[in-house]
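What follows is a short report on a single structure.
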Amino acid sequence: MRTRGAVVREAPGKYEVVDIDLDDPRPGELQVRVMAAGLCHSDDHIATRDLPVAVYPFAGGHEGAGIVTVAPPNHKGIREGDHVVFSFVPACGRCRWCAVGRSHLCNMGGSTLSGARPGTTDDFRLHLAEDGRPVGQMSGLSTFCATTTVSVDSVVPLPDDIDFEVACLLSCGVGTGWGSAVNDAAVRPGDAVIVMGVGGVGINAVQGAAHAGATTLVGVDPVPFKREKALEFGATHAVATMDEAVEIVRGPTDGQGADSAIVTVGVTRPDHIGEAFAAIRKAGTCVVTGVGLMTQVGIDIPAGQLAFYGKRLQGSLFGSTNAGADIARQIQLYRQGALKLDELVTTTYALDDIAQGYEDMHAGRNLRGVVVHEH
Ligand SMILES: NC(=O)c1ccc[n+]([C@@H]2O[C@H](COP(=O)([O-])OP(=O)(O)OC[C@H]3O[C@@H](n4cnc5c(N)ncnc54)[C@H](O)[C@@H]3O)[C@@H](O)[C@H]2O)c1
Ligand SMILES: [Zn+2]
Ligand SMILES: [Zn+2]
């Protein structure tokens with residue numbers, strides 16, 4: 001079938017809405033009418049070429065929720081009409097990582113930036129309508145397409161009463177931030193925690209750290225609006241610089257430093273990681289969730305501090321979220337009023353205004369922008 005979607009034709013470049021021909025779903029795949037798609041910074045990294053992908057044009061979008069329109073028989077029992085939320089990392093259920101419950105590292109995740117069907121390099125679900133050229137598919141999803149074809153391993157069932165506009169954020173931003181604090185920083189009651197960068201991901205690290213019991217919780221962001229939001233989502237302090245954050249955590253930790261610092265800066269640089277690493281105490285944890293120029297090598301960390309202070313540097317993919325279990329738990333927390341989702345959505349956009357959405361992200365106007373597809 002034919003659909004419309006936002007692609008980058010080359011990088012650096014900008015998202016542009018084009019007509020796309022979509023493969024019919026094969027066994028093990030689903031066709032989904034995408035109702036809403038979140039504007040995560042990672043799709044912008046594709047446009048700037050911070051994250052190089054294997055093929056251009058490349059259709060963006062890895063946060064989304066929608067309605068299944070075509071469902072060949074599949075092992076999850078997903079049927080036409082079901083509401084689903086995507087997981088930006090698929091979970092095959094069979095690989096070593098899925099088997100041990102660490103599905104965020106599923107071997108199928110390798111297709112995230114290749115754009116092709118998992119396990120292939122040249123089998124594409126999307127093609128440009130104008131000339132039939134293959135179009136890469138972000139995370140095997142491309143939620144910036146009004147309709148898409150995905151693996152059944154990329155979806156999690158969504159209860160019918162949850163709005164698509166908030167559900168779409170469960171595909172990446174919520175779990176990535178929340179899990180960065182709860183799983184990767186393993187925040188404990190009474191901890192002093194710094195969240196560096198309070199965007200769509202960092203704000204959820206703030207909610208996660210608050211849930212896990214942080215009693216000194218500092219949101220750091222140069223944008224005043226983000227600092228305001230950090231306080232609304234559970235931060236005890238919100239400041240513009242890491243120097244101020246370090247000063248705040250000094251008090252309750254006898255000068256030792258933060259138990260953990262979580263880096264969720266939009267374009268994360270080596271010196272950001274260095275600042276966060278310097279801010280943690282002995283045996284503290286620095287979680288690196290934000291990404292920048294993918295090909296850059298080197299982090300500004302004194303090796304002696306790593307060894308002599310027994311500090312930990314912990315990378316975080318999707319906040320170590322196990323989508324099948326954790327998205328359901330997050331929906332339960334939302335129903336109980338313990339997880340803010342509605343408040344994450346600052347502005348909604350039509351697909352044609354996606355470039356404006358990213359401009360607003362860069363200008364610091366949104367916690368999250370969300371594209372609401374028209375059908
Ligand atoms: N590891 C993963 O699995 C994963 C998943 C999703 C997103 N990401 C990455 O996480 C990062 C954050 O994504 P997002 O969607 O929240 O982006 P965003 O643009 O919404 O938020 C980034 C925030 O960082 C702030 N910032 C910029 N410079 C700063 C500084 N020096 N100190 C403190 N704050 C600063 C900005 O003002 C902004 O509020 C991106 O790099 C994104 O690609 C990683
Ligand atoms: Zn994302
Ligand atoms: Zn797997």
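Chains: A, B, ... in order of the structure tokens. Residues: from 1 per chain. Ligands: from 1, in order shown.
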Test item, helix (DSSP H, G or I) assignment across stretch 196-313 of chain A, answer as a PyMOL selection string
chain A and resi 202-212+224-232+242-250+270-279+303-308
Close residues to ligand 1 using only C-alpha atoms and all ligand atoms, limit 6 Å, as a tab-separated table (two decimals) with N, CA and C atoms, in the first residue's frame:
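Now in pocket.tsv:
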```tsv
chain	number	residue	atom	x	y	z
A	40	CYS	N	11.71	11.95	19.46
A	40	CYS	CA	12.90	11.72	20.29
A	40	CYS	C	14.11	12.37	19.63
A	41	HIS	N	15.07	12.75	20.46
A	41	HIS	CA	16.28	13.39	19.92
A	41	HIS	C	17.07	12.43	19.02
A	42	SER	N	16.93	11.13	19.24
A	42	SER	CA	17.74	10.19	18.44
A	42	SER	C	17.40	10.28	16.95
A	172	CYS	N	10.10	4.60	23.88
A	172	CYS	CA	11.51	4.94	24.09
A	172	CYS	C	11.70	5.86	25.28
A	173	GLY	N	11.24	7.10	25.16
A	173	GLY	CA	11.61	8.15	26.14
A	173	GLY	C	11.32	7.80	27.58
A	176	THR	N	13.48	4.67	28.67
A	176	THR	CA	14.91	4.99	28.63
A	176	THR	C	15.29	5.84	29.84
A	196	MET	N	21.50	15.07	34.36
A	196	MET	CA	22.11	16.12	33.54
A	196	MET	C	21.44	16.14	32.17
A	197	GLY	N	20.56	17.13	31.96
A	197	GLY	CA	19.81	17.22	30.70
A	197	GLY	C	18.38	16.76	30.92
A	198	VAL	N	17.46	17.74	31.03
A	198	VAL	CA	16.07	17.40	31.37
A	198	VAL	C	15.18	17.55	30.14
A	199	GLY	N	15.43	16.72	29.12
A	199	GLY	CA	14.55	16.66	27.96
A	199	GLY	C	13.57	15.51	28.11
A	200	GLY	N	13.09	15.00	26.97
A	200	GLY	CA	12.11	13.92	27.01
A	200	GLY	C	12.61	12.68	27.73
A	201	VAL	N	13.90	12.43	27.65
A	201	VAL	CA	14.46	11.27	28.34
A	201	VAL	C	14.80	11.64	29.80
A	202	GLY	N	15.51	12.75	29.98
A	202	GLY	CA	15.96	13.14	31.32
A	202	GLY	C	14.80	13.36	32.29
A	220	VAL	N	19.58	19.16	36.07
A	220	VAL	CA	20.48	20.19	35.53
A	220	VAL	C	20.11	20.45	34.07
A	221	ASP	N	19.79	21.69	33.76
A	221	ASP	CA	19.49	22.02	32.36
A	221	ASP	C	19.65	23.54	32.20
A	222	PRO	N	20.27	23.96	31.10
A	222	PRO	CA	20.44	25.41	30.90
A	222	PRO	C	19.13	26.13	30.60
A	223	VAL	N	18.07	25.37	30.24
A	223	VAL	CA	16.80	26.01	29.83
A	223	VAL	C	15.86	26.14	31.04
A	226	LYS	N	12.81	23.79	31.36
A	226	LYS	CA	13.13	22.40	31.73
A	226	LYS	C	13.35	22.28	33.24
A	264	THR	N	21.83	12.69	30.29
A	264	THR	CA	20.77	12.63	29.26
A	264	THR	C	20.78	13.92	28.44
A	265	VAL	N	21.97	14.44	28.21
A	265	VAL	CA	22.14	15.66	27.40
A	265	VAL	C	21.82	15.32	25.94
A	266	GLY	N	21.16	16.26	25.24
A	266	GLY	CA	20.70	16.01	23.87
A	266	GLY	C	21.81	15.58	22.93
A	267	VAL	N	22.87	16.38	22.86
A	267	VAL	CA	24.04	15.99	22.07
A	267	VAL	C	25.17	15.81	23.09
A	268	THR	N	25.32	14.58	23.55
A	268	THR	CA	26.25	14.29	24.65
A	268	THR	C	27.69	14.30	24.13
A	289	THR	N	23.42	7.77	29.05
A	289	THR	CA	22.24	7.44	28.23
A	289	THR	C	22.21	8.28	26.96
A	290	GLY	N	22.59	9.55	27.10
A	290	GLY	CA	22.62	10.45	25.94
A	290	GLY	C	23.71	10.03	24.98
A	291	VAL	N	23.50	10.35	23.72
A	291	VAL	CA	24.52	10.05	22.71
A	291	VAL	C	24.82	11.32	21.91
A	292	GLY	N	25.99	11.31	21.29
A	292	GLY	CA	26.40	12.42	20.43
A	292	GLY	C	26.97	11.84	19.16
A	316	SER	N	23.77	2.91	29.02
A	316	SER	CA	22.36	2.54	29.16
A	316	SER	C	21.66	2.55	27.82
A	317	LEU	N	21.17	1.40	27.41
A	317	LEU	CA	20.33	1.31	26.21
A	317	LEU	C	18.89	1.07	26.66
A	318	PHE	N	18.00	1.98	26.28
A	318	PHE	CA	16.56	1.87	26.63
A	318	PHE	C	16.38	1.71	28.14
A	361	MET	N	12.13	21.44	19.58
A	361	MET	CA	12.98	20.64	20.48
A	361	MET	C	14.31	21.36	20.69
A	364	GLY	N	14.31	24.26	22.93
A	364	GLY	CA	14.02	23.98	24.34
A	364	GLY	C	12.57	24.25	24.72
A	367	LEU	N	9.03	19.42	26.30
A	367	LEU	CA	9.54	18.22	26.95
A	367	LEU	C	9.53	17.14	25.89
```
With only C-alpha atoms and all ligand atoms counted, collect every polymer residue having an atom within 9 Å of ligand 3; state the result as number ranges by chain.
A: 90-99, 102-109, 153
To one decimal place in Å, what is the distance between atom CA of A:His375 and atom CA of A:Val32?
12.1 Å
I need the residues in stretch 227-300 of chain A that are strand (DSSP E) according to DSSP; give them as a PDB file with N, CA and C atoms, in the first residue's frame.
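Contents of result-v3.pdb, as written:
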```
ATOM      1  N   HIS A 237      15.764  19.893  43.495  1.00  0.00           N
ATOM      2  CA  HIS A 237      16.475  21.104  43.072  1.00  0.00           C
ATOM      3  C   HIS A 237      16.564  21.102  41.550  1.00  0.00           C
ATOM      4  N   ALA A 238      16.649  22.287  40.974  1.00  0.00           N
ATOM      5  CA  ALA A 238      16.868  22.382  39.531  1.00  0.00           C
ATOM      6  C   ALA A 238      17.801  23.557  39.274  1.00  0.00           C
ATOM      7  N   VAL A 239      18.897  23.264  38.593  1.00  0.00           N
ATOM      8  CA  VAL A 239      19.928  24.290  38.392  1.00  0.00           C
ATOM      9  C   VAL A 239      20.398  24.269  36.942  1.00  0.00           C
ATOM     10  N   ALA A 258      27.603  12.770  44.510  1.00  0.00           N
ATOM     11  CA  ALA A 258      26.327  12.100  44.221  1.00  0.00           C
ATOM     12  C   ALA A 258      26.495  10.579  44.212  1.00  0.00           C
ATOM     13  N   ASP A 259      25.453   9.887  44.646  1.00  0.00           N
ATOM     14  CA  ASP A 259      25.453   8.423  44.524  1.00  0.00           C
ATOM     15  C   ASP A 259      25.426   8.027  43.051  1.00  0.00           C
ATOM     16  N   SER A 260      24.681   8.802  42.268  1.00  0.00           N
ATOM     17  CA  SER A 260      24.703   8.557  40.824  1.00  0.00           C
ATOM     18  C   SER A 260      24.445   9.848  40.059  1.00  0.00           C
ATOM     19  N   ALA A 261      24.979   9.882  38.856  1.00  0.00           N
ATOM     20  CA  ALA A 261      24.723  10.994  37.930  1.00  0.00           C
ATOM     21  C   ALA A 261      24.356  10.374  36.591  1.00  0.00           C
ATOM     22  N   ILE A 262      23.262  10.871  36.024  1.00  0.00           N
ATOM     23  CA  ILE A 262      22.721  10.277  34.791  1.00  0.00           C
ATOM     24  C   ILE A 262      22.829  11.322  33.681  1.00  0.00           C
ATOM     25  N   VAL A 263      23.522  10.958  32.610  1.00  0.00           N
ATOM     26  CA  VAL A 263      23.753  11.915  31.523  1.00  0.00           C
ATOM     27  C   VAL A 263      22.700  11.712  30.435  1.00  0.00           C
ATOM     28  N   ILE A 280      30.267  12.230  40.975  1.00  0.00           N
ATOM     29  CA  ILE A 280      29.827  11.090  41.807  1.00  0.00           C
ATOM     30  C   ILE A 280      30.858  10.759  42.883  1.00  0.00           C
ATOM     31  N   ARG A 281      30.383  10.129  43.920  1.00  0.00           N
ATOM     32  CA  ARG A 281      31.213   9.745  45.071  1.00  0.00           C
ATOM     33  C   ARG A 281      32.021   8.493  44.763  1.00  0.00           C
ATOM     34  N   LYS A 282      32.823   8.061  45.743  1.00  0.00           N
ATOM     35  CA  LYS A 282      33.504   6.771  45.631  1.00  0.00           C
ATOM     36  C   LYS A 282      32.461   5.682  45.376  1.00  0.00           C
ATOM     37  N   ALA A 283      32.770   4.776  44.476  1.00  0.00           N
ATOM     38  CA  ALA A 283      31.869   3.660  44.141  1.00  0.00           C
ATOM     39  C   ALA A 283      30.505   4.124  43.638  1.00  0.00           C
ATOM     40  N   GLY A 284      30.426   5.404  43.247  1.00  0.00           N
ATOM     41  CA  GLY A 284      29.180   5.909  42.660  1.00  0.00           C
ATOM     42  C   GLY A 284      29.053   5.456  41.213  1.00  0.00           C
ATOM     43  N   THR A 285      27.878   5.728  40.632  1.00  0.00           N
ATOM     44  CA  THR A 285      27.617   5.272  39.258  1.00  0.00           C
ATOM     45  C   THR A 285      27.301   6.456  38.356  1.00  0.00           C
ATOM     46  N   CYS A 286      28.018   6.511  37.253  1.00  0.00           N
ATOM     47  CA  CYS A 286      27.713   7.507  36.207  1.00  0.00           C
ATOM     48  C   CYS A 286      27.064   6.764  35.054  1.00  0.00           C
ATOM     49  N   VAL A 287      25.805   7.085  34.781  1.00  0.00           N
ATOM     50  CA  VAL A 287      25.063   6.405  33.711  1.00  0.00           C
ATOM     51  C   VAL A 287      25.094   7.284  32.451  1.00  0.00           C
ATOM     52  N   VAL A 288      25.517   6.703  31.345  1.00  0.00           N
ATOM     53  CA  VAL A 288      25.560   7.443  30.084  1.00  0.00           C
ATOM     54  C   VAL A 288      24.440   6.944  29.178  1.00  0.00           C
TER      55      VAL A 288
END
```
So that I can check the surroundings of A:Thr236, please list as a PyMOL selection string every protein, DNA and RNA residue that reaches within 12 Å of it, counting only C-alpha atoms and ignoring chain neighbours fewer than 4 positions away.
chain A and resi 191-195+206-207+209-210+213-220+227-232+245+248-249
Just N, CA and C atoms for this one: save the residues we selected as an mmCIF file, in the first residue's frame.
```cif
data_model
loop_
_atom_site.group_PDB
_atom_site.id
_atom_site.type_symbol
_atom_site.label_atom_id
_atom_site.label_comp_id
_atom_site.auth_asym_id
_atom_site.auth_seq_id
_atom_site.Cartn_x
_atom_site.Cartn_y
_atom_site.Cartn_z
ATOM 1 N N ASP A 191 19.114 8.314 48.280
ATOM 2 C CA ASP A 191 20.235 8.653 47.395
ATOM 3 C C ASP A 191 20.231 10.122 46.982
ATOM 4 N N ALA A 192 21.435 10.593 46.669
ATOM 5 C CA ALA A 192 21.606 11.902 46.016
ATOM 6 C C ALA A 192 21.902 11.632 44.549
ATOM 7 N N VAL A 193 21.030 12.155 43.677
ATOM 8 C CA VAL A 193 21.112 11.834 42.253
ATOM 9 C C VAL A 193 21.111 13.124 41.431
ATOM 10 N N ILE A 194 21.955 13.141 40.412
ATOM 11 C CA ILE A 194 21.970 14.275 39.469
ATOM 12 C C ILE A 194 21.517 13.768 38.103
ATOM 13 N N VAL A 195 20.550 14.460 37.511
ATOM 14 C CA VAL A 195 20.149 14.156 36.133
ATOM 15 C C VAL A 195 20.589 15.331 35.271
ATOM 16 N N VAL A 206 14.245 11.709 35.983
ATOM 17 C CA VAL A 206 13.842 12.399 37.213
ATOM 18 C C VAL A 206 12.686 11.644 37.873
ATOM 19 N N GLN A 207 11.658 11.283 37.070
ATOM 20 C CA GLN A 207 10.520 10.532 37.672
ATOM 21 C C GLN A 207 11.006 9.203 38.244
ATOM 22 N N ALA A 209 14.051 8.320 39.320
ATOM 23 C CA ALA A 209 14.877 8.486 40.525
ATOM 24 C C ALA A 209 13.995 8.841 41.722
ATOM 25 N N ALA A 210 12.959 9.630 41.474
ATOM 26 C CA ALA A 210 12.041 9.982 42.565
ATOM 27 C C ALA A 210 11.304 8.731 43.049
ATOM 28 N N GLY A 213 13.348 6.537 45.255
ATOM 29 C CA GLY A 213 13.591 7.013 46.620
ATOM 30 C C GLY A 213 14.677 8.051 46.788
ATOM 31 N N ALA A 214 15.158 8.638 45.677
ATOM 32 C CA ALA A 214 16.162 9.699 45.821
ATOM 33 C C ALA A 214 15.577 10.825 46.670
ATOM 34 N N THR A 215 16.329 11.296 47.649
ATOM 35 C CA THR A 215 15.822 12.391 48.479
ATOM 36 C C THR A 215 16.557 13.697 48.199
ATOM 37 N N THR A 216 17.689 13.595 47.519
ATOM 38 C CA THR A 216 18.302 14.789 46.925
ATOM 39 C C THR A 216 18.357 14.497 45.440
ATOM 40 N N LEU A 217 17.588 15.243 44.668
ATOM 41 C CA LEU A 217 17.435 14.924 43.246
ATOM 42 C C LEU A 217 17.559 16.223 42.462
ATOM 43 N N VAL A 218 18.688 16.362 41.799
ATOM 44 C CA VAL A 218 18.993 17.625 41.129
ATOM 45 C C VAL A 218 18.865 17.480 39.620
ATOM 46 N N GLY A 219 17.968 18.242 39.014
ATOM 47 C CA GLY A 219 17.860 18.315 37.554
ATOM 48 C C GLY A 219 18.743 19.457 37.071
ATOM 49 N N VAL A 220 19.578 19.165 36.068
ATOM 50 C CA VAL A 220 20.478 20.194 35.527
ATOM 51 C C VAL A 220 20.107 20.447 34.072
ATOM 52 N N ARG A 227 13.924 23.328 33.808
ATOM 53 C CA ARG A 227 14.169 23.286 35.255
ATOM 54 C C ARG A 227 12.844 23.349 36.014
ATOM 55 N N GLU A 228 11.930 24.173 35.511
ATOM 56 C CA GLU A 228 10.580 24.240 36.104
ATOM 57 C C GLU A 228 9.936 22.847 36.088
ATOM 58 N N LYS A 229 10.037 22.182 34.926
ATOM 59 C CA LYS A 229 9.418 20.863 34.760
ATOM 60 C C LYS A 229 10.086 19.834 35.683
ATOM 61 N N ALA A 230 11.402 19.915 35.812
ATOM 62 C CA ALA A 230 12.114 18.958 36.670
ATOM 63 C C ALA A 230 11.515 18.986 38.083
ATOM 64 N N LEU A 231 11.238 20.185 38.573
ATOM 65 C CA LEU A 231 10.671 20.299 39.928
ATOM 66 C C LEU A 231 9.265 19.693 39.966
ATOM 67 N N GLU A 232 8.487 19.890 38.890
ATOM 68 C CA GLU A 232 7.130 19.311 38.841
ATOM 69 C C GLU A 232 7.155 17.784 38.798
ATOM 70 N N ALA A 245 25.096 21.872 40.758
ATOM 71 C CA ALA A 245 24.584 20.570 41.208
ATOM 72 C C ALA A 245 25.561 19.917 42.186
ATOM 73 N N ILE A 248 25.239 21.361 45.566
ATOM 74 C CA ILE A 248 24.018 20.935 46.273
ATOM 75 C C ILE A 248 24.193 19.535 46.878
ATOM 76 N N VAL A 249 24.764 18.595 46.115
ATOM 77 C CA VAL A 249 24.864 17.223 46.647
ATOM 78 C C VAL A 249 25.950 17.113 47.712
#
```
Need the shell around A:Ala278: protein/DNA/RNA residues with any atom at most 10 Å away, counting only C-alpha atoms. Skip same-chain ones fewer than 2 positions apart. Format as a ChimeraX atom specification?
/A:242,246,257-258,261,272-276,280-281,286,300-302,305-306,311
Those residues you just picked out, can you put them in a file as a CSV table (one decimal), in the first residue's frame with N, CA and C atoms?
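Output below, filename again-v7.csv:
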```
chain,number,residue,atom,x,y,z
A,242,MET,N,26.4,22.1,36.1
A,242,MET,CA,26.8,21.0,37.0
A,242,MET,C,27.6,21.5,38.2
A,246,VAL,N,26.8,20.0,41.9
A,246,VAL,CA,27.9,19.4,42.7
A,246,VAL,C,27.8,20.1,44.1
A,257,GLY,N,29.9,13.5,47.3
A,257,GLY,CA,29.4,13.5,45.9
A,257,GLY,C,28.2,12.7,45.7
A,258,ALA,N,27.6,12.8,44.5
A,258,ALA,CA,26.3,12.1,44.2
A,258,ALA,C,26.5,10.6,44.2
A,261,ALA,N,25.0,9.9,38.9
A,261,ALA,CA,24.7,11.0,37.9
A,261,ALA,C,24.4,10.4,36.6
A,272,HIS,N,30.8,16.3,28.8
A,272,HIS,CA,29.6,16.2,29.7
A,272,HIS,C,29.8,14.9,30.5
A,273,ILE,N,30.2,13.8,29.9
A,273,ILE,CA,30.4,12.6,30.7
A,273,ILE,C,31.5,12.8,31.8
A,274,GLY,N,32.5,13.6,31.4
A,274,GLY,CA,33.6,13.9,32.4
A,274,GLY,C,33.0,14.6,33.6
A,275,GLU,N,32.1,15.6,33.3
A,275,GLU,CA,31.6,16.4,34.4
A,275,GLU,C,30.7,15.5,35.4
A,276,ALA,N,29.9,14.6,34.7
A,276,ALA,CA,29.0,13.8,35.5
A,276,ALA,C,29.9,12.8,36.3
A,280,ILE,N,30.3,12.2,41.0
A,280,ILE,CA,29.8,11.1,41.8
A,280,ILE,C,30.9,10.8,42.9
A,281,ARG,N,30.4,10.1,43.9
A,281,ARG,CA,31.2,9.7,45.1
A,281,ARG,C,32.0,8.5,44.8
A,286,CYS,N,28.0,6.5,37.3
A,286,CYS,CA,27.7,7.5,36.2
A,286,CYS,C,27.1,6.8,35.1
A,300,ASP,N,36.4,12.2,28.6
A,300,ASP,CA,37.3,12.9,29.5
A,300,ASP,C,37.2,12.4,31.0
A,301,ILE,N,37.8,11.3,31.2
A,301,ILE,CA,37.8,10.7,32.6
A,301,ILE,C,39.2,10.3,33.0
A,302,PRO,N,39.6,10.8,34.2
A,302,PRO,CA,40.9,10.4,34.7
A,302,PRO,C,40.8,8.9,35.1
A,305,GLN,N,40.8,8.0,38.8
A,305,GLN,CA,39.6,8.1,39.6
A,305,GLN,C,38.7,6.9,39.4
A,306,LEU,N,38.8,6.3,38.2
A,306,LEU,CA,38.0,5.1,38.0
A,306,LEU,C,38.5,4.0,38.9
A,311,LYS,N,34.9,3.9,41.0
A,311,LYS,CA,33.7,4.5,40.4
A,311,LYS,C,33.2,3.6,39.3
```
To one decimal place, how far is atom CA of A:Phe277 from atom CA of A:Pro252 in Å?
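Separation of atom CA of A:Phe277 and atom CA of A:Pro252: 18.3 Å.
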So how many Å separate atom CA of A:Pro52 and atom CA of A:Leu141, to one decimal?
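Between these atoms lies a distance of 17.1 Å.
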Write out as a PyMOL selection string which residues come within 6 Å of A:Val135 when counting only C-alpha atoms, dropping same-chain ones fewer than 5 positions away.
chain A and resi 57-58+126-127
Tell me which of A:Gly251, A:Gly5, A:Gly13, A:Gly175 sits closest to ligand 2, counting only C-alpha atoms and all ligand atoms.
A:Gly175
Counting only C-alpha atoms and all ligand atoms, which of A:His62, A:Arg125, A:Arg9, A:Arg33 gets nearest to ligand 2?
A:His62
Please provide as a list in words all residues within 9 Å of stretch 21-27 of chain A, with the sequence filter that same-chain residues fewer than 4 positions apart are discarded (counting only C-alpha atoms).
Met1, Arg2, Thr3, Arg4, Gln31, Val70, Ala71, Pro72, Pro73, Asn74, Phe124, Arg125, Leu126, His127, Leu128, Ala129, Gly132, Thr147, Thr148, Thr149, Val150 and Ser151 of chain A
Measuring atom to atom with only C-alpha atoms and all ligand atoms, identify which of A:Ala37, A:Ala350, A:Leu158, A:Ala328 is nearest to ligand 2.
A:Ala37
